[in-house]
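**Student:** I have a structure here, written as structure tokens, and I will follow up with some questions on it.
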Amino acid sequence: MQMKRLSELRSLKELPVPSYYQGQCKHCPLHTARRTAQQFEDAATVVLGIAECAYYTQGLSRGQQDASRHYSLVLNWQDITFGCAKKVEDALNELTAKHTAGIFLITSCVPEITGDDVDAVAEQVSLKTGVPIGVVHTEHFKTLQESTGTEQTLTACLSFMEPAVTDESINILGMNREQFDSSELAALFDEADLGIFLPDCSVAALKTAPKARLNLVTSSNALPLAKAMEHVFGIPYFYLEGHIYPERMLRTYQKLFEILGRPFPELLLTKLEHCKLVISRTGSQCRGISYIYEKSQFPSLECNAFLTGLGMQPLAIQCDHLFPKGDSDYSYILSNADPYALSPLGTPKAMIAALGAQKVIGGRSGRRGDKVVGFDGILTFLNTLIHGEHGTGQRQGYKQRRKHS
Amino acid sequence: MSNLQQVVNPSDRMAAIWTYLSFEDCVVLEYGPMGTTCYAQRQLSDMGLDSNRLLVTHLDENDVVLGDVSRLERAIRDIDADLSPRAIFIVPSAILAVTGADVKGVCHYMQADVSAQLIVYEGGGFLGDESVGLQKVYEQLVKTFVKPKTVTVDKTYHILGAYAADHHTAAVLEKVVRYMSSWGFTCSSVLGWKNSIQALSQVGNARLSIILRTEALPAAIWLETNCGIPYLDISGEEKLALLKQHLHQL
């Protein structure tokens, strides 16, 4: 299939697939779902699927404290042919006697295909026993995004929540306590303001989450939960979306403090000035450098418009969705360059070599800054841009990376 | 009895993949979502297997719902052209076992287009545990690749039933090979351990088969029936003692 320029792309199906076989694979949503559920210290998790999925997810508990809270329910041919509802019901009944705080039931690809209504079974058992059960659906054939598992697990947390009288607290959704304390947000809120941190909390704490007056969403993975909480409990949410342009980040913060009804902190203005200074320095170091863009914590178009504005040359951009043609960032990129559009399945090594890109922005290294929010996120990104941690056009295999690490 | 498990055994399909990967001139192509492949690749180096030879097609909803097999066809063609392996072991995932995709049929008509031999492992991981998989794969490999006996090469033997996931395998093999060499015997092939299709195909000329695991017994019986190779079963706990006993009897 011929390569398409960004301006020519009409459908994602036009994107050339790097190869019809993959050597370097991404994890499935089941992996991230299991990892996220693991963080709820008093919840039990059950993986419903074939022996292979169960075996590998059991491996995640090896040597971990939560090993005693993780179970597998392995499906066999009989369950596929005649349904697994009874098996799931029996298992949940057994588990609710041992783990009364809450249970995550994580389904994998096969039960999603056979279509057993495990949600109804879980609801029935939950009503009977009074133990909340959150069902997490992780069908890998529907998505290439492993983060879907985290999103689904966070959304399933709604099953653990109960209506409560509103107080003045603010829930932080999408970030754990440690990440919050090391971020710029820690200086903006008093301890008394803070409600729960999701996913870094217990199921018992989750029950009280609806008493908050606002959900502050720091990761897109927590957005569906925030929307559901607004719908069910009437709690408004604010999404602190990351922006690479400091002025846009400033506007986002201004909106947040308007909603909170508080004066705008001086600290953020200082951070803004610092970011501007670093950007002006970065521009001189990055001018003329060609790059292939794979992924970053910022919206793709915005990030590429910013990099183009710094004087960098986009040779190819990975497209995980069709970019809106009328977008100002889209027009800005095209006014300076017309890069190739790449498939989210990855960039072939041969293409990187053929294009002669000096940098590859994103991939694994690009996600390092995922949890760094606000102006700190901009500074982290620029730091990796200058110091070459994004990549140098040469991709390492898994073995090499392991050896290197 | 509770259906909940806190320790899960590998499935037949996993054992098949690990055994196929012991052939250094072949690749394994998983036809299914890449999640299990990703996990497997991270585990292979612990077993001394090459994760670069474990490939996957991935699947999307179209492949599952509409039964589109073009992804598999293209992957087979690409692998054959890019990597030129002696054989491509195609292992469909559990999803395809449920939807009933005719992977064997696809490989049958694709065989004419490619030079690599196409071998399919069916079952999707529902046949049983690793023991079932090993038995099936050992038998399949021997029946597929071993050529008829042309001449008996004296003082040669081959080993059946080495398993990369068994952490004792390397040590056991070393002891067996050392002991056999003290009798003047040379090992021609180890099925399931750093093997090649070329070496396996010549197994029919060996003087003796040595079985390390009971799962290899049907393969050994097949070799005895079709190539006239007697076998020594040392699949018990004390492998070396059994080997000494058998050799003295022989």
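Following the order of the structure tokens, first chain is A, next is B, and so on, with residues numbered from 1 inside each chain and ligands from 1 in the order they appear.
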Within 9 Å of chain B, which residues of chain A show up? Give each one with its shortest atom-to-atom distance in Å (one decimal) and the two atoms involved, counting only C-alpha atoms, rows by chain then rising residue number, as a tab-separated table.
**Tutor:**
```
residue	atom	partner	partner_atom	distance
A:Ser19	CA	B:Asp78	CA	7.5
A:Tyr20	CA	B:Ala75	CA	4.6
A:Tyr21	CA	B:Thr57	CA	4.6
A:Gln22	CA	B:Val56	CA	5.2
A:Gly23	CA	B:Leu55	CA	4.9
A:Gln24	CA	B:Cys38	CA	7.5
A:Cys25	CA	B:Cys38	CA	5.1
A:Lys26	CA	B:Cys38	CA	6.1
A:His27	CA	B:Gly35	CA	5.0
A:Cys28	CA	B:Gly35	CA	4.4
A:Pro29	CA	B:Gly35	CA	8.0
A:Leu30	CA	B:Gly35	CA	8.1
A:His31	CA	B:Gly35	CA	8.1
A:Val46	CA	B:Leu4	CA	8.3
A:Ile50	CA	B:Gly125	CA	7.4
A:Ala51	CA	B:Ser11	CA	5.8
A:Glu52	CA	B:Ser11	CA	6.1
A:Cys53	CA	B:Thr36	CA	6.9
A:Ala54	CA	B:Val8	CA	6.6
A:Tyr55	CA	B:Val8	CA	5.2
A:Tyr56	CA	B:Tyr39	CA	6.6
A:Thr57	CA	B:Tyr39	CA	9.0
A:Gln58	CA	B:Val7	CA	7.1
A:Ala67	CA	B:Gln6	CA	8.0
A:Ser68	CA	B:Gln6	CA	7.7
A:Arg69	CA	B:Gln6	CA	8.8
A:His70	CA	B:Gln6	CA	6.7
A:Tyr71	CA	B:Gln6	CA	5.0
A:Ser72	CA	B:Gln5	CA	5.1
A:Leu73	CA	B:Leu4	CA	5.2
A:Val74	CA	B:Asn3	CA	7.7
A:Leu75	CA	B:Phe126	CA	8.3
A:Asn76	CA	B:Phe126	CA	5.9
A:Trp77	CA	B:Phe126	CA	6.2
A:Ile80	CA	B:Val98	CA	7.5
A:Thr81	CA	B:Val98	CA	8.9
A:Lys87	CA	B:Asn3	CA	7.4
A:Val88	CA	B:Asn3	CA	8.8
A:Asp90	CA	B:Asn3	CA	8.2
A:Ala91	CA	B:Leu4	CA	6.3
A:Glu94	CA	B:Ser2	CA	7.9
A:Leu95	CA	B:Leu4	CA	8.6
A:Cys109	CA	B:Ile95	CA	7.0
A:Val110	CA	B:Ile95	CA	5.8
A:Ile113	CA	B:Ile95	CA	7.5
A:Thr114	CA	B:Val98	CA	8.0
A:His140	CA	B:Pro33	CA	6.4
A:Phe141	CA	B:Asp60	CA	4.5
A:Lys142	CA	B:Glu61	CA	5.7
A:Thr143	CA	B:Asp60	CA	7.5
A:Leu144	CA	B:Asp60	CA	8.7
A:Gly397	CA	B:Asn52	CA	8.8
A:Tyr398	CA	B:Arg42	CA	8.6
A:Lys399	CA	B:Ser51	CA	8.5
```
**Student:** Output the selection as a compact mmCIF listing (two decimals), in the first residue's frame - N, CA and C atoms for each residue.
**Tutor:**
```txt
# COMPACT_ATOMS: atom_id res chain seq x y z
N SER A 19 3.48 -4.19 8.73
CA SER A 19 3.68 -5.58 8.36
C SER A 19 2.46 -6.34 8.83
N TYR A 20 2.18 -7.47 8.16
CA TYR A 20 1.01 -8.23 8.59
C TYR A 20 1.35 -9.18 9.73
N TYR A 21 2.61 -9.18 10.12
CA TYR A 21 2.96 -9.92 11.33
C TYR A 21 3.73 -8.97 12.26
N GLN A 22 3.55 -9.18 13.55
CA GLN A 22 4.17 -8.29 14.52
C GLN A 22 5.20 -9.08 15.32
N GLY A 23 6.34 -8.47 15.55
CA GLY A 23 7.34 -9.09 16.40
C GLY A 23 7.35 -8.48 17.79
N GLN A 24 7.20 -7.15 17.83
CA GLN A 24 7.19 -6.48 19.13
C GLN A 24 5.75 -6.13 19.47
N CYS A 25 5.26 -6.75 20.51
CA CYS A 25 3.82 -6.65 20.79
C CYS A 25 3.52 -5.72 21.94
N LYS A 26 2.27 -5.26 21.94
CA LYS A 26 1.78 -4.44 23.05
C LYS A 26 0.98 -5.34 23.97
N HIS A 27 0.90 -4.95 25.22
CA HIS A 27 0.07 -5.72 26.16
C HIS A 27 -1.41 -5.53 25.82
N CYS A 28 -2.22 -6.43 26.35
CA CYS A 28 -3.66 -6.33 26.09
C CYS A 28 -4.34 -5.58 27.24
N PRO A 29 -5.60 -5.16 27.04
CA PRO A 29 -6.30 -4.44 28.11
C PRO A 29 -6.43 -5.27 29.39
N LEU A 30 -6.44 -6.59 29.25
CA LEU A 30 -6.54 -7.45 30.44
C LEU A 30 -5.37 -7.18 31.38
N HIS A 31 -4.20 -6.96 30.81
CA HIS A 31 -3.00 -6.72 31.61
C HIS A 31 -3.16 -5.44 32.44
N VAL A 46 -10.88 -11.46 40.03
CA VAL A 46 -11.08 -12.75 39.36
C VAL A 46 -10.94 -12.53 37.86
N ILE A 50 -9.56 -18.05 29.34
CA ILE A 50 -8.89 -19.32 29.06
C ILE A 50 -7.66 -19.47 29.96
N ALA A 51 -7.12 -20.66 29.99
CA ALA A 51 -5.99 -20.96 30.88
C ALA A 51 -4.79 -20.04 30.62
N GLU A 52 -4.60 -19.68 29.35
CA GLU A 52 -3.44 -18.87 28.99
C GLU A 52 -3.52 -17.48 29.63
N CYS A 53 -4.69 -16.84 29.52
CA CYS A 53 -4.88 -15.52 30.13
C CYS A 53 -4.73 -15.63 31.64
N ALA A 54 -5.29 -16.70 32.22
CA ALA A 54 -5.23 -16.88 33.66
C ALA A 54 -3.79 -17.11 34.12
N TYR A 55 -3.06 -17.93 33.38
CA TYR A 55 -1.68 -18.26 33.75
C TYR A 55 -0.82 -16.98 33.77
N TYR A 56 -0.94 -16.20 32.70
CA TYR A 56 -0.07 -15.03 32.60
C TYR A 56 -0.46 -13.95 33.61
N THR A 57 -1.76 -13.77 33.87
CA THR A 57 -2.13 -12.74 34.85
C THR A 57 -1.82 -13.20 36.28
N GLN A 58 -1.82 -14.51 36.51
CA GLN A 58 -1.38 -15.00 37.83
C GLN A 58 0.08 -14.62 38.03
N ALA A 67 -1.14 -11.53 46.09
CA ALA A 67 -1.31 -12.85 45.46
C ALA A 67 -2.49 -13.61 46.05
N SER A 68 -2.74 -13.43 47.33
CA SER A 68 -3.83 -14.18 47.97
C SER A 68 -5.20 -13.62 47.60
N ARG A 69 -5.21 -12.44 46.98
CA ARG A 69 -6.51 -11.84 46.60
C ARG A 69 -6.83 -12.04 45.12
N HIS A 70 -5.92 -12.71 44.40
CA HIS A 70 -6.14 -12.86 42.95
C HIS A 70 -6.53 -14.30 42.60
N TYR A 71 -7.60 -14.42 41.84
CA TYR A 71 -8.12 -15.74 41.46
C TYR A 71 -8.32 -15.80 39.95
N SER A 72 -8.42 -17.03 39.46
CA SER A 72 -8.75 -17.22 38.04
C SER A 72 -9.89 -18.20 37.92
N LEU A 73 -10.71 -17.95 36.94
CA LEU A 73 -11.80 -18.87 36.64
C LEU A 73 -11.59 -19.30 35.19
N VAL A 74 -11.08 -20.51 35.04
CA VAL A 74 -10.64 -20.95 33.71
C VAL A 74 -11.81 -21.61 32.96
N LEU A 75 -12.00 -21.17 31.72
CA LEU A 75 -13.10 -21.70 30.89
C LEU A 75 -12.64 -22.93 30.10
N ASN A 76 -13.50 -23.90 30.01
CA ASN A 76 -13.20 -25.06 29.18
C ASN A 76 -14.25 -25.17 28.07
N TRP A 77 -14.16 -26.23 27.24
CA TRP A 77 -15.08 -26.38 26.10
C TRP A 77 -16.54 -26.40 26.55
N ILE A 80 -17.80 -23.04 27.06
CA ILE A 80 -17.96 -22.33 25.79
C ILE A 80 -19.28 -22.78 25.13
N THR A 81 -19.52 -24.07 25.17
CA THR A 81 -20.69 -24.61 24.47
C THR A 81 -22.00 -24.32 25.22
N LYS A 87 -21.16 -21.29 36.45
CA LYS A 87 -19.80 -21.39 36.99
C LYS A 87 -19.38 -20.06 37.63
N VAL A 88 -19.72 -18.97 36.95
CA VAL A 88 -19.36 -17.64 37.46
C VAL A 88 -20.15 -17.37 38.74
N ASP A 90 -21.40 -19.50 40.94
CA ASP A 90 -20.87 -20.32 42.04
C ASP A 90 -19.57 -19.73 42.57
N ALA A 91 -18.71 -19.33 41.64
CA ALA A 91 -17.41 -18.79 42.04
C ALA A 91 -17.59 -17.49 42.82
N GLU A 94 -18.88 -18.09 46.28
CA GLU A 94 -17.80 -18.60 47.14
C GLU A 94 -16.87 -17.46 47.57
N LEU A 95 -16.60 -16.60 46.62
CA LEU A 95 -15.64 -15.52 46.88
C LEU A 95 -16.20 -14.44 47.81
N CYS A 109 -11.09 -12.04 26.26
CA CYS A 109 -11.68 -12.09 24.91
C CYS A 109 -12.76 -13.17 24.76
N VAL A 110 -12.46 -14.39 25.22
CA VAL A 110 -13.36 -15.52 24.93
C VAL A 110 -14.76 -15.33 25.54
N ILE A 113 -16.80 -13.08 23.49
CA ILE A 113 -17.31 -13.63 22.23
C ILE A 113 -18.51 -14.54 22.47
N THR A 114 -18.41 -15.37 23.51
CA THR A 114 -19.53 -16.29 23.77
C THR A 114 -20.75 -15.52 24.27
N HIS A 140 -9.65 -7.73 23.64
CA HIS A 140 -8.48 -7.16 22.96
C HIS A 140 -8.72 -6.95 21.47
N PHE A 141 -9.61 -7.74 20.87
CA PHE A 141 -9.80 -7.63 19.43
C PHE A 141 -10.56 -6.35 19.04
N LYS A 142 -11.06 -5.63 20.06
CA LYS A 142 -11.77 -4.39 19.75
C LYS A 142 -10.85 -3.17 19.79
N THR A 143 -9.71 -3.31 20.42
CA THR A 143 -8.85 -2.15 20.56
C THR A 143 -7.38 -2.54 20.60
N LEU A 144 -6.54 -1.62 20.16
CA LEU A 144 -5.10 -1.83 20.28
C LEU A 144 -4.54 -1.08 21.49
N GLY A 397 15.38 -3.52 19.97
CA GLY A 397 14.53 -4.67 20.20
C GLY A 397 14.33 -4.86 21.69
N TYR A 398 13.42 -5.74 22.01
CA TYR A 398 13.10 -5.98 23.42
C TYR A 398 14.33 -6.47 24.18
N LYS A 399 15.07 -7.39 23.57
CA LYS A 399 16.22 -7.97 24.25
C LYS A 399 17.27 -6.90 24.52
```
**Student:** Would you pick out the contacts of range 176-186 of chain B at 12 Å or less, using only C-alpha atoms, so that residues sharing its chain but fewer than 5 positions from it are not included, and give the list as a PyMOL selection string?
**Tutor:** chain B and resi 153-159+162+169-171+206-212+232+234+238-244+246-248
**Student:** Got time to write the residues from that selection, N, CA and C atoms, as a PDB file, in the first residue's frame?
**Tutor:**
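Final output, saved to part_34.pdb:
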```
ATOM      1  N   VAL B 153      22.470 -45.593  11.518  1.00  0.00           N
ATOM      2  CA  VAL B 153      23.787 -45.079  11.883  1.00  0.00           C
ATOM      3  C   VAL B 153      24.071 -45.579  13.294  1.00  0.00           C
ATOM      4  N   ASP B 154      25.030 -46.478  13.394  1.00  0.00           N
ATOM      5  CA  ASP B 154      25.299 -47.103  14.686  1.00  0.00           C
ATOM      6  C   ASP B 154      25.849 -46.079  15.685  1.00  0.00           C
ATOM      7  N   LYS B 155      25.625 -46.371  16.933  1.00  0.00           N
ATOM      8  CA  LYS B 155      26.089 -45.518  18.035  1.00  0.00           C
ATOM      9  C   LYS B 155      25.524 -44.096  17.978  1.00  0.00           C
ATOM     10  N   THR B 156      24.337 -43.942  17.400  1.00  0.00           N
ATOM     11  CA  THR B 156      23.669 -42.634  17.458  1.00  0.00           C
ATOM     12  C   THR B 156      22.321 -42.816  18.147  1.00  0.00           C
ATOM     13  N   TYR B 157      21.912 -41.797  18.824  1.00  0.00           N
ATOM     14  CA  TYR B 157      20.606 -41.827  19.486  1.00  0.00           C
ATOM     15  C   TYR B 157      20.002 -40.435  19.388  1.00  0.00           C
ATOM     16  N   HIS B 158      18.745 -40.353  19.698  1.00  0.00           N
ATOM     17  CA  HIS B 158      18.123 -39.036  19.782  1.00  0.00           C
ATOM     18  C   HIS B 158      17.233 -39.018  21.013  1.00  0.00           C
ATOM     19  N   ILE B 159      16.959 -37.807  21.499  1.00  0.00           N
ATOM     20  CA  ILE B 159      16.195 -37.671  22.737  1.00  0.00           C
ATOM     21  C   ILE B 159      14.827 -37.090  22.414  1.00  0.00           C
ATOM     22  N   ALA B 162      12.246 -33.350  25.595  1.00  0.00           N
ATOM     23  CA  ALA B 162      12.841 -32.222  26.328  1.00  0.00           C
ATOM     24  C   ALA B 162      11.823 -31.089  26.299  1.00  0.00           C
ATOM     25  N   THR B 169      15.501 -29.333  32.610  1.00  0.00           N
ATOM     26  CA  THR B 169      15.813 -29.927  31.306  1.00  0.00           C
ATOM     27  C   THR B 169      17.298 -29.832  30.942  1.00  0.00           C
ATOM     28  N   ALA B 170      17.866 -28.652  31.084  1.00  0.00           N
ATOM     29  CA  ALA B 170      19.262 -28.450  30.660  1.00  0.00           C
ATOM     30  C   ALA B 170      20.189 -29.381  31.438  1.00  0.00           C
ATOM     31  N   ALA B 171      19.984 -29.470  32.743  1.00  0.00           N
ATOM     32  CA  ALA B 171      20.856 -30.295  33.581  1.00  0.00           C
ATOM     33  C   ALA B 171      20.688 -31.780  33.239  1.00  0.00           C
ATOM     34  N   ALA B 206      18.549 -43.142  13.412  1.00  0.00           N
ATOM     35  CA  ALA B 206      19.236 -43.332  14.695  1.00  0.00           C
ATOM     36  C   ALA B 206      19.096 -44.777  15.181  1.00  0.00           C
ATOM     37  N   ARG B 207      19.999 -45.163  16.081  1.00  0.00           N
ATOM     38  CA  ARG B 207      20.011 -46.524  16.618  1.00  0.00           C
ATOM     39  C   ARG B 207      19.016 -46.653  17.769  1.00  0.00           C
ATOM     40  N   LEU B 208      18.762 -45.506  18.467  1.00  0.00           N
ATOM     41  CA  LEU B 208      18.040 -45.572  19.733  1.00  0.00           C
ATOM     42  C   LEU B 208      17.255 -44.283  19.997  1.00  0.00           C
ATOM     43  N   SER B 209      16.093 -44.411  20.630  1.00  0.00           N
ATOM     44  CA  SER B 209      15.371 -43.221  21.126  1.00  0.00           C
ATOM     45  C   SER B 209      15.435 -43.240  22.653  1.00  0.00           C
ATOM     46  N   ILE B 210      15.627 -42.083  23.240  1.00  0.00           N
ATOM     47  CA  ILE B 210      15.580 -41.985  24.708  1.00  0.00           C
ATOM     48  C   ILE B 210      14.448 -41.027  25.064  1.00  0.00           C
ATOM     49  N   ILE B 211      13.568 -41.461  25.931  1.00  0.00           N
ATOM     50  CA  ILE B 211      12.389 -40.644  26.269  1.00  0.00           C
ATOM     51  C   ILE B 211      12.572 -40.002  27.637  1.00  0.00           C
ATOM     52  N   LEU B 212      12.509 -38.681  27.690  1.00  0.00           N
ATOM     53  CA  LEU B 212      12.651 -37.972  28.961  1.00  0.00           C
ATOM     54  C   LEU B 212      11.310 -37.759  29.659  1.00  0.00           C
ATOM     55  N   LEU B 232      14.266 -46.211  24.929  1.00  0.00           N
ATOM     56  CA  LEU B 232      14.516 -46.388  26.357  1.00  0.00           C
ATOM     57  C   LEU B 232      13.697 -45.330  27.086  1.00  0.00           C
ATOM     58  N   ILE B 234      13.122 -43.253  30.141  1.00  0.00           N
ATOM     59  CA  ILE B 234      13.722 -42.842  31.419  1.00  0.00           C
ATOM     60  C   ILE B 234      12.923 -41.665  31.998  1.00  0.00           C
ATOM     61  N   GLU B 238      14.397 -40.903  38.684  1.00  0.00           N
ATOM     62  CA  GLU B 238      15.842 -41.139  38.617  1.00  0.00           C
ATOM     63  C   GLU B 238      16.235 -41.474  37.179  1.00  0.00           C
ATOM     64  N   LYS B 239      16.386 -40.444  36.377  1.00  0.00           N
ATOM     65  CA  LYS B 239      16.577 -40.668  34.935  1.00  0.00           C
ATOM     66  C   LYS B 239      17.887 -41.385  34.626  1.00  0.00           C
ATOM     67  N   LEU B 240      18.955 -40.954  35.288  1.00  0.00           N
ATOM     68  CA  LEU B 240      20.253 -41.530  34.982  1.00  0.00           C
ATOM     69  C   LEU B 240      20.326 -42.996  35.414  1.00  0.00           C
ATOM     70  N   ALA B 241      19.750 -43.306  36.590  1.00  0.00           N
ATOM     71  CA  ALA B 241      19.746 -44.691  37.078  1.00  0.00           C
ATOM     72  C   ALA B 241      18.968 -45.577  36.109  1.00  0.00           C
ATOM     73  N   LEU B 242      17.850 -45.051  35.636  1.00  0.00           N
ATOM     74  CA  LEU B 242      17.041 -45.801  34.671  1.00  0.00           C
ATOM     75  C   LEU B 242      17.807 -46.027  33.373  1.00  0.00           C
ATOM     76  N   LEU B 243      18.524 -44.996  32.963  1.00  0.00           N
ATOM     77  CA  LEU B 243      19.296 -45.084  31.720  1.00  0.00           C
ATOM     78  C   LEU B 243      20.373 -46.167  31.832  1.00  0.00           C
ATOM     79  N   LYS B 244      21.079 -46.167  32.977  1.00  0.00           N
ATOM     80  CA  LYS B 244      22.136 -47.171  33.200  1.00  0.00           C
ATOM     81  C   LYS B 244      21.532 -48.569  33.149  1.00  0.00           C
ATOM     82  N   HIS B 246      18.742 -49.607  31.750  1.00  0.00           N
ATOM     83  CA  HIS B 246      18.282 -49.955  30.405  1.00  0.00           C
ATOM     84  C   HIS B 246      19.447 -50.321  29.504  1.00  0.00           C
ATOM     85  N   LEU B 247      20.523 -49.518  29.580  1.00  0.00           N
ATOM     86  CA  LEU B 247      21.655 -49.754  28.687  1.00  0.00           C
ATOM     87  C   LEU B 247      22.322 -51.091  28.968  1.00  0.00           C
ATOM     88  N   HIS B 248      22.411 -51.437  30.276  1.00  0.00           N
ATOM     89  CA  HIS B 248      23.001 -52.728  30.634  1.00  0.00           C
ATOM     90  C   HIS B 248      22.158 -53.863  30.076  1.00  0.00           C
TER      91      HIS B 248
END
```
**Student:** If we count only C-alpha atoms and set the cut-off at 12 Å, which residues sit around Phe40 in chain A, ignoring sequence neighbours fewer than 5 positions away in its own chain? Please answer as a PyMOL selection string.
**Tutor:** chain A and resi 33-35+45+65-66+69-70+101-104+153-154+157+160+176+196-206
**Student:** Okay, now the selection with N, CA, C and O atoms, as a compact mmCIF listing (two decimals), in the first residue's frame?
**Tutor:**
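Ended up saving to selection-v1.txt:
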```
# COMPACT_ATOMS: atom_id res chain seq x y z
N ALA A 33 -5.91 -3.85 33.10
CA ALA A 33 -7.06 -3.97 34.01
C ALA A 33 -6.63 -4.67 35.30
O ALA A 33 -6.94 -4.24 36.41
N ARG A 34 -5.89 -5.74 35.13
CA ARG A 34 -5.42 -6.52 36.29
C ARG A 34 -4.47 -5.68 37.14
O ARG A 34 -4.54 -5.67 38.36
N ARG A 35 -3.58 -4.94 36.47
CA ARG A 35 -2.64 -4.06 37.17
C ARG A 35 -3.37 -2.98 37.97
O ARG A 35 -3.01 -2.66 39.09
N THR A 45 -9.64 -9.95 42.98
CA THR A 45 -9.83 -9.91 41.53
C THR A 45 -9.99 -11.33 40.99
O THR A 45 -9.33 -12.25 41.46
N GLN A 65 2.22 -8.87 47.33
CA GLN A 65 1.41 -9.06 48.54
C GLN A 65 -0.03 -9.45 48.20
O GLN A 65 -0.71 -10.07 49.00
N ASP A 66 -0.48 -9.04 47.01
CA ASP A 66 -1.88 -9.27 46.68
C ASP A 66 -2.16 -10.67 46.13
O ASP A 66 -3.27 -10.96 45.73
N ARG A 69 -5.21 -12.44 46.98
CA ARG A 69 -6.51 -11.84 46.60
C ARG A 69 -6.83 -12.04 45.12
O ARG A 69 -7.83 -11.53 44.63
N HIS A 70 -5.92 -12.71 44.40
CA HIS A 70 -6.14 -12.86 42.95
C HIS A 70 -6.53 -14.30 42.60
O HIS A 70 -5.87 -15.24 43.01
N ALA A 101 -15.16 -6.93 51.08
CA ALA A 101 -15.01 -5.52 50.70
C ALA A 101 -15.50 -5.28 49.27
O ALA A 101 -16.29 -4.36 49.01
N GLY A 102 -15.05 -6.09 48.34
CA GLY A 102 -15.45 -5.91 46.95
C GLY A 102 -14.66 -6.82 46.03
O GLY A 102 -13.58 -7.30 46.41
N ILE A 103 -15.21 -7.03 44.85
CA ILE A 103 -14.57 -7.95 43.89
C ILE A 103 -14.56 -7.31 42.51
O ILE A 103 -15.57 -6.73 42.08
N PHE A 104 -13.43 -7.43 41.82
CA PHE A 104 -13.38 -7.07 40.40
C PHE A 104 -13.45 -8.36 39.60
O PHE A 104 -12.59 -9.23 39.78
N THR A 153 -11.52 -0.56 34.23
CA THR A 153 -11.45 -0.88 35.66
C THR A 153 -11.88 0.32 36.49
O THR A 153 -12.64 0.18 37.47
N LEU A 154 -11.41 1.50 36.10
CA LEU A 154 -11.80 2.70 36.84
C LEU A 154 -13.32 2.91 36.72
O LEU A 154 -13.98 3.27 37.70
N CYS A 157 -15.45 0.97 39.01
CA CYS A 157 -15.45 1.43 40.42
C CYS A 157 -16.79 2.03 40.81
O CYS A 157 -17.10 2.15 42.01
N PHE A 160 -18.91 0.24 43.27
CA PHE A 160 -18.55 0.22 44.69
C PHE A 160 -19.04 1.47 45.44
O PHE A 160 -18.89 1.56 46.64
N ASN A 176 -2.19 8.52 41.48
CA ASN A 176 -2.10 8.06 42.86
C ASN A 176 -1.48 9.13 43.76
O ASN A 176 -1.01 10.16 43.29
N ILE A 196 -10.67 11.21 47.67
CA ILE A 196 -9.94 9.98 47.36
C ILE A 196 -9.01 10.19 46.15
O ILE A 196 -9.21 11.11 45.35
N PHE A 197 -8.03 9.32 46.06
CA PHE A 197 -7.17 9.26 44.88
C PHE A 197 -7.49 7.96 44.18
O PHE A 197 -7.47 6.89 44.80
N LEU A 198 -7.80 8.03 42.93
CA LEU A 198 -8.14 6.82 42.20
C LEU A 198 -7.06 6.56 41.15
O LEU A 198 -6.72 7.47 40.41
N PRO A 199 -6.48 5.38 41.08
CA PRO A 199 -6.86 4.11 41.69
C PRO A 199 -6.15 3.79 42.99
O PRO A 199 -6.18 2.63 43.41
N ASP A 200 -5.51 4.76 43.62
CA ASP A 200 -4.72 4.48 44.82
C ASP A 200 -5.59 4.60 46.07
O ASP A 200 -5.45 5.55 46.85
N CYS A 201 -6.53 3.70 46.26
CA CYS A 201 -7.38 3.77 47.45
C CYS A 201 -7.96 2.39 47.74
O CYS A 201 -7.73 1.44 46.99
N SER A 202 -8.71 2.30 48.80
CA SER A 202 -9.35 1.03 49.13
C SER A 202 -10.79 1.05 48.63
O SER A 202 -11.33 2.12 48.32
N VAL A 203 -11.40 -0.11 48.57
CA VAL A 203 -12.80 -0.18 48.16
C VAL A 203 -13.68 0.52 49.21
O VAL A 203 -14.66 1.18 48.89
N ALA A 204 -13.27 0.41 50.47
CA ALA A 204 -14.01 1.06 51.54
C ALA A 204 -14.03 2.58 51.32
O ALA A 204 -15.06 3.24 51.51
N ALA A 205 -12.88 3.13 50.89
CA ALA A 205 -12.80 4.57 50.63
C ALA A 205 -13.61 4.93 49.39
O ALA A 205 -14.19 6.03 49.32
N LEU A 206 -13.66 4.01 48.42
CA LEU A 206 -14.41 4.27 47.19
C LEU A 206 -15.90 4.53 47.48
O LEU A 206 -16.54 5.32 46.80
```
**Student:** Please provide as a PyMOL selection string all residues within 9 Å of range 313-325 of chain A, with the sequence filter that same-chain residues fewer than 4 positions apart are discarded (counting only C-alpha atoms).
**Tutor:** chain A and resi 5-7+9-12+15+287-295+300-301+304+307-308+330-331+333+336-347+355-357
**Student:** DSSP on the backbone: which residues in range 211-332 of chain A end up as helix (DSSP H, G or I)? Give the answer as a PyMOL selection string.
**Tutor:** chain A and resi 211+220-233+246-260+266-286+300-309+328-332
